[in-house]
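Report on one structure; see the data block that follows.
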Amino acid sequence: MSTRKIGVIVGREWSWPPAFIEEVNRRDAGVSAEFVKLGGTHMAEVSSYDVIIDRISHEIPYYRTYLKTAALSGTRVINNPFWWSADDKFFGASLCVKLGIAHPKTVALPSHSYVEGVVEESLRNLRYPIPWKEHVEYVGSFPAILKPAWGGGFKQVYKVNNFEELWRAYNETGTECMMLQEYIAWEKYVRCIVIGQEQIMTIKFDANAPWPNRYFRDDHYLTEEESRLVMADALKINRALGYDMNTVEFALKDGVPYAIDFTNPAPDFDVNSLTPHYFDWVVKAMADFTISLALKGRTTPTEYAWGHLIGGAVAPVAAEQPAAAKPKAALKPGTGDDLTLINGIGPVYARRLEDVGITNFVQLAAAGPDRVREAIGATRLPIDAEAWVAEAVERSK
Ligand SMILES: Nc1ncnc2c1ncn2[C@@H]1O[C@H](COP(=O)(O)OP(=O)(O)O)[C@@H](O)[C@H]1O
Ligand SMILES: [Mg+2]
């Protein structure tokens, strides 16, 4: 068998990339890993990598444009460069509402200022003055959070206690698109690392502790119920956004996890912040996941995932009458599909489904969520059988 290849694109981080590359190569699983080297890309060029892990294309536009073409050539890029380009925190807030995940009330605001050339008449669709009082009432008054819709690294995150502070902060934000957000007076705060939409590690996190010591090992920090809720929501968010490498932060108040920050497609994996315990976990989890992807081979991305999860045209039909919708009688028994192509199904779950005779999309669609749950049996984390069935219906069309 020829060796499959995983490439890594990195910024200045020094600990995770070499540790990951070494872990993959050490396993000798028919897959090798290395740093990607680029000097210019021809249009429609076929990338030599089966999988590329992208840690920095948000800061290096040439990498992003290369990765989109690599994806077109069948390389599995982590994270999906198309979605990453489209994503923002305000869309995430709206998506949470649709998915039934608790999220602080949030308002997107017109920017404070604009790039040169944008003049008064370019802004005729904007209502002035901004109805600040209305917005503050909507988010539950003060204190409130003001932060960017395209944010990260704690930049420009303000906690404001009155209108004067709000306006002072807003006046500093320039061309940034900001959001005003309900402040959650949390009792507990966690950050979950989610890999491949299946593996998850929940860690106590304190954003106010001095950097880099913000992660704390406390295996009993959350109650069992809190832990269950947090993991279920973290997985749901990742499956909806289609991210395979992400961190999801939750503020817990009165036992309810509020999703605070969940669009981190190049999460901090530094050993000094994660601590060796969690660092080792993420090196291994990423190696497990990407090796299995590389061995699976190349496919081009076809769609975004969240459509299935918000009750669009497909989901309800799929749940109620999948078999009738598309019988596909012609399919021969034993004709297997790769079930791991379905969001949320990895090699372990695929095997359990195959054990009960569900080996292709048509059978999965016909089985319905209850039978799927039964087939999967006990899991550490809840599964989204409805979404699997809905996706199977789509894929068997
Ligand atoms: N709505 C909120 N309620 C309470 N605290 C918040 C809220 N939003 C952000 N924070 C605090 O600010 C920190 C940084 O905000 P976050 O949204 O995570 O931005 P970034 O993407 O820059 O990390 C969070 O870790 C949390 O401690
Ligand atoms: Mg954050």
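The way I read the labels, and the way they are meant: chains A, B, ... in the order of the structure tokens, residue 1 as the first residue of every chain, and ligand 1 as the first ligand shown, with later ones counted on from there.
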Test item: residues lying within 9 Å of ligand 1 with only C-alpha atoms and all ligand atoms, as a PyMOL selection string: chain A and resi 89+103-106+144-148+150-159+180-186+189-191+205-208+248-251+258-264
Deliver the residues from the most recent selection as a file, using C-alpha atoms, as a PDB file, in the first residue's frame.
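The result, stored in part.pdb:
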ATOM      1  CA  LYS A  89     -19.634  34.700  16.057  1.00  0.00           C
ATOM      2  CA  HIS A 103     -26.568  31.401  24.281  1.00  0.00           C
ATOM      3  CA  PRO A 104     -26.328  34.864  25.836  1.00  0.00           C
ATOM      4  CA  LYS A 105     -28.649  37.325  24.099  1.00  0.00           C
ATOM      5  CA  THR A 106     -26.629  39.086  21.422  1.00  0.00           C
ATOM      6  CA  ALA A 144     -22.881  43.663  29.347  1.00  0.00           C
ATOM      7  CA  ILE A 145     -20.167  42.383  27.040  1.00  0.00           C
ATOM      8  CA  LEU A 146     -19.033  44.186  23.901  1.00  0.00           C
ATOM      9  CA  LYS A 147     -16.919  42.006  21.607  1.00  0.00           C
ATOM     10  CA  PRO A 148     -16.135  41.530  17.917  1.00  0.00           C
ATOM     11  CA  TRP A 150     -14.901  38.125  14.089  1.00  0.00           C
ATOM     12  CA  GLY A 151     -12.902  37.848  17.275  1.00  0.00           C
ATOM     13  CA  GLY A 152     -10.291  35.761  19.022  1.00  0.00           C
ATOM     14  CA  GLY A 153      -7.463  35.888  21.501  1.00  0.00           C
ATOM     15  CA  PHE A 154      -9.435  38.086  23.923  1.00  0.00           C
ATOM     16  CA  LYS A 155      -8.931  41.063  21.649  1.00  0.00           C
ATOM     17  CA  GLN A 156     -11.421  43.892  22.140  1.00  0.00           C
ATOM     18  CA  VAL A 157     -13.583  42.010  24.647  1.00  0.00           C
ATOM     19  CA  TYR A 158     -15.028  44.647  26.997  1.00  0.00           C
ATOM     20  CA  LYS A 159     -17.195  44.283  30.064  1.00  0.00           C
ATOM     21  CA  LEU A 180     -23.371  43.648  22.406  1.00  0.00           C
ATOM     22  CA  GLN A 181     -24.019  40.609  24.557  1.00  0.00           C
ATOM     23  CA  GLU A 182     -25.772  39.579  27.735  1.00  0.00           C
ATOM     24  CA  TYR A 183     -23.285  39.109  30.549  1.00  0.00           C
ATOM     25  CA  ILE A 184     -23.488  35.654  32.124  1.00  0.00           C
ATOM     26  CA  ALA A 185     -22.527  35.799  35.810  1.00  0.00           C
ATOM     27  CA  TRP A 186     -21.175  32.263  35.677  1.00  0.00           C
ATOM     28  CA  TYR A 189     -16.455  27.995  33.138  1.00  0.00           C
ATOM     29  CA  VAL A 190     -15.123  25.245  30.889  1.00  0.00           C
ATOM     30  CA  ARG A 191     -13.399  24.918  27.564  1.00  0.00           C
ATOM     31  CA  PHE A 205     -10.813  27.180  32.256  1.00  0.00           C
ATOM     32  CA  ASP A 206     -10.341  30.589  33.800  1.00  0.00           C
ATOM     33  CA  ALA A 207      -9.903  33.387  31.300  1.00  0.00           C
ATOM     34  CA  ASN A 208      -8.917  35.775  34.088  1.00  0.00           C
ATOM     35  CA  VAL A 248     -15.994  25.407  22.665  1.00  0.00           C
ATOM     36  CA  GLU A 249     -16.342  27.518  25.787  1.00  0.00           C
ATOM     37  CA  PHE A 250     -19.313  27.352  28.124  1.00  0.00           C
ATOM     38  CA  ALA A 251     -20.238  29.571  31.063  1.00  0.00           C
ATOM     39  CA  TYR A 258     -24.293  28.957  27.889  1.00  0.00           C
ATOM     40  CA  ALA A 259     -22.202  28.670  24.737  1.00  0.00           C
ATOM     41  CA  ILE A 260     -19.830  31.643  24.802  1.00  0.00           C
ATOM     42  CA  ASP A 261     -17.047  31.129  22.297  1.00  0.00           C
ATOM     43  CA  PHE A 262     -17.145  28.237  19.858  1.00  0.00           C
ATOM     44  CA  THR A 263     -15.601  29.334  16.602  1.00  0.00           C
ATOM     45  CA  ASN A 264     -11.939  28.604  17.262  1.00  0.00           C
TER      46      ASN A 264
END
I'd like the contact shell of A:Asp54 - 12 Å cut-off, only C-alpha atoms, skipping same-chain residues fewer than 2 positions apart - returned as a VMD selection string. chain A and resid 6 to 11 17 35 to 36 51 to 52 56 to 60 63 to 68 70 to 71 75 to 81 84 243 to 246 265 to 267
List every residue of stretch 88-247 of chain A that DSSP, applied to the backbone of this structure, places in strand (DSSP E or B), and write the result as an NGL selection string. :A and (106-108 or 144-148 or 158-160 or 178-182 or 188-195 or 199-205 or 215-216 or 245-247)
Output C-alpha atoms of each residue in that selection to a file, as a CSV table (one decimal), in the first residue's frame.
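Saved result, out_8.csv, follows:
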chain,number,residue,atom,x,y,z
A,106,THR,CA,-26.6,39.1,21.4
A,107,VAL,CA,-27.0,42.1,19.1
A,108,ALA,CA,-24.9,42.8,16.1
A,144,ALA,CA,-22.9,43.7,29.3
A,145,ILE,CA,-20.2,42.4,27.0
A,146,LEU,CA,-19.0,44.2,23.9
A,147,LYS,CA,-16.9,42.0,21.6
A,148,PRO,CA,-16.1,41.5,17.9
A,158,TYR,CA,-15.0,44.6,27.0
A,159,LYS,CA,-17.2,44.3,30.1
A,160,VAL,CA,-19.2,47.5,30.4
A,178,MET,CA,-19.0,44.5,17.2
A,179,MET,CA,-21.7,42.6,19.2
A,180,LEU,CA,-23.4,43.6,22.4
A,181,GLN,CA,-24.0,40.6,24.6
A,182,GLU,CA,-25.8,39.6,27.7
A,188,LYS,CA,-18.2,27.6,36.4
A,189,TYR,CA,-16.5,28.0,33.1
A,190,VAL,CA,-15.1,25.2,30.9
A,191,ARG,CA,-13.4,24.9,27.6
A,192,CYS,CA,-14.0,21.7,25.6
A,193,ILE,CA,-11.5,20.6,22.9
A,194,VAL,CA,-13.5,18.7,20.3
A,195,ILE,CA,-11.7,16.6,17.7
A,199,GLN,CA,-13.6,13.0,20.7
A,200,ILE,CA,-14.1,15.6,23.4
A,201,MET,CA,-12.2,16.8,26.5
A,202,THR,CA,-13.8,19.2,28.9
A,203,ILE,CA,-11.4,21.3,30.9
A,204,LYS,CA,-11.9,23.8,33.7
A,205,PHE,CA,-10.8,27.2,32.3
A,215,TYR,CA,-6.4,25.4,32.2
A,216,PHE,CA,-6.9,23.5,35.4
A,245,MET,CA,-10.7,20.8,15.4
A,246,ASN,CA,-12.2,23.4,17.7
A,247,THR,CA,-12.6,24.6,21.2
Please return as a ChimeraX atom specification: the residues of stretch 17-115 of chain A that backbone DSSP assigns to helix (DSSP H, G or I). /A:17-27,61-72,81-86,89-99
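Reported to one decimal place, the separation of atom CA of A:Leu293 from atom CA of A:Gly40 is 26.0 Å.
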Which neighbours of stretch 222-232 of chain A fall inside 7 Å, counting only C-alpha atoms, when residues of the same chain fewer than 2 positions from it are skipped, and could you give them as a ChimeraX atom specification? /A:220,234-236,255,257,381-382
Can you tell me, as a PyMOL selection string, what residues are no more than 12 Å from stretch 110-121 of chain A when counting only C-alpha atoms, ignoring any on the same chain fewer than 6 positions away? chain A and resi 127-132+147-149+167-180
Export of the given selection (N, CA and C atoms) as an mmCIF file, in the first residue's frame:
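Result went into selection34.cif, see below:
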data_model
loop_
_atom_site.group_PDB
_atom_site.id
_atom_site.type_symbol
_atom_site.label_atom_id
_atom_site.label_comp_id
_atom_site.auth_asym_id
_atom_site.auth_seq_id
_atom_site.Cartn_x
_atom_site.Cartn_y
_atom_site.Cartn_z
ATOM 1 N N ARG A 127 -29.455 53.105 10.180
ATOM 2 C CA ARG A 127 -30.323 53.998 10.949
ATOM 3 C C ARG A 127 -29.468 54.668 12.018
ATOM 4 N N TYR A 128 -29.515 55.990 12.073
ATOM 5 C CA TYR A 128 -28.786 56.688 13.125
ATOM 6 C C TYR A 128 -29.735 57.562 13.917
ATOM 7 N N PRO A 129 -29.531 57.772 15.218
ATOM 8 C CA PRO A 129 -28.495 57.091 15.995
ATOM 9 C C PRO A 129 -28.862 55.627 16.240
ATOM 10 N N ILE A 130 -27.875 54.850 16.613
ATOM 11 C CA ILE A 130 -28.131 53.455 16.989
ATOM 12 C C ILE A 130 -29.048 53.452 18.212
ATOM 13 N N PRO A 131 -30.100 52.635 18.216
ATOM 14 C CA PRO A 131 -31.011 52.623 19.385
ATOM 15 C C PRO A 131 -30.381 51.880 20.577
ATOM 16 N N TRP A 132 -29.422 52.512 21.197
ATOM 17 C CA TRP A 132 -28.636 51.873 22.265
ATOM 18 C C TRP A 132 -29.511 51.363 23.404
ATOM 19 N N LYS A 147 -18.050 42.742 22.201
ATOM 20 C CA LYS A 147 -16.919 42.006 21.607
ATOM 21 C C LYS A 147 -17.107 41.857 20.104
ATOM 22 N N PRO A 148 -16.039 41.563 19.379
ATOM 23 C CA PRO A 148 -16.135 41.530 17.917
ATOM 24 C C PRO A 148 -16.873 40.289 17.383
ATOM 25 N N ALA A 149 -17.536 40.450 16.260
ATOM 26 C CA ALA A 149 -18.199 39.312 15.614
ATOM 27 C C ALA A 149 -17.161 38.384 14.974
ATOM 28 N N TRP A 167 -20.153 53.349 25.500
ATOM 29 C CA TRP A 167 -19.800 54.238 24.381
ATOM 30 C C TRP A 167 -18.299 54.462 24.296
ATOM 31 N N ARG A 168 -17.659 54.559 25.457
ATOM 32 C CA ARG A 168 -16.196 54.736 25.450
ATOM 33 C C ARG A 168 -15.554 53.518 24.757
ATOM 34 N N ALA A 169 -16.023 52.341 25.123
ATOM 35 C CA ALA A 169 -15.468 51.124 24.516
ATOM 36 C C ALA A 169 -15.779 51.093 23.016
ATOM 37 N N TYR A 170 -17.025 51.356 22.677
ATOM 38 C CA TYR A 170 -17.444 51.321 21.267
ATOM 39 C C TYR A 170 -16.607 52.302 20.436
ATOM 40 N N ASN A 171 -16.315 53.470 21.013
ATOM 41 C CA ASN A 171 -15.525 54.470 20.281
ATOM 42 C C ASN A 171 -14.106 54.014 19.995
ATOM 43 N N GLU A 172 -13.669 52.959 20.672
ATOM 44 C CA GLU A 172 -12.308 52.443 20.432
ATOM 45 C C GLU A 172 -12.279 51.341 19.377
ATOM 46 N N THR A 173 -13.456 50.958 18.852
ATOM 47 C CA THR A 173 -13.479 49.705 18.079
ATOM 48 C C THR A 173 -13.291 49.892 16.570
ATOM 49 N N GLY A 174 -13.204 51.129 16.105
ATOM 50 C CA GLY A 174 -12.861 51.400 14.705
ATOM 51 C C GLY A 174 -13.773 50.696 13.708
ATOM 52 N N THR A 175 -13.164 49.991 12.773
ATOM 53 C CA THR A 175 -13.938 49.380 11.677
ATOM 54 C C THR A 175 -14.456 47.981 12.028
ATOM 55 N N GLU A 176 -14.158 47.533 13.215
ATOM 56 C CA GLU A 176 -14.580 46.197 13.654
ATOM 57 C C GLU A 176 -16.119 46.111 13.720
ATOM 58 N N CYS A 177 -16.676 44.951 13.344
ATOM 59 C CA CYS A 177 -18.120 44.746 13.552
ATOM 60 C C CYS A 177 -18.287 44.159 14.952
ATOM 61 N N MET A 178 -18.938 44.904 15.825
ATOM 62 C CA MET A 178 -19.028 44.498 17.237
ATOM 63 C C MET A 178 -20.402 43.906 17.557
ATOM 64 N N MET A 179 -20.430 43.159 18.677
ATOM 65 C CA MET A 179 -21.698 42.622 19.182
ATOM 66 C C MET A 179 -21.845 43.049 20.638
ATOM 67 N N LEU A 180 -23.059 43.411 20.993
ATOM 68 C CA LEU A 180 -23.371 43.648 22.406
ATOM 69 C C LEU A 180 -24.008 42.367 22.918
#
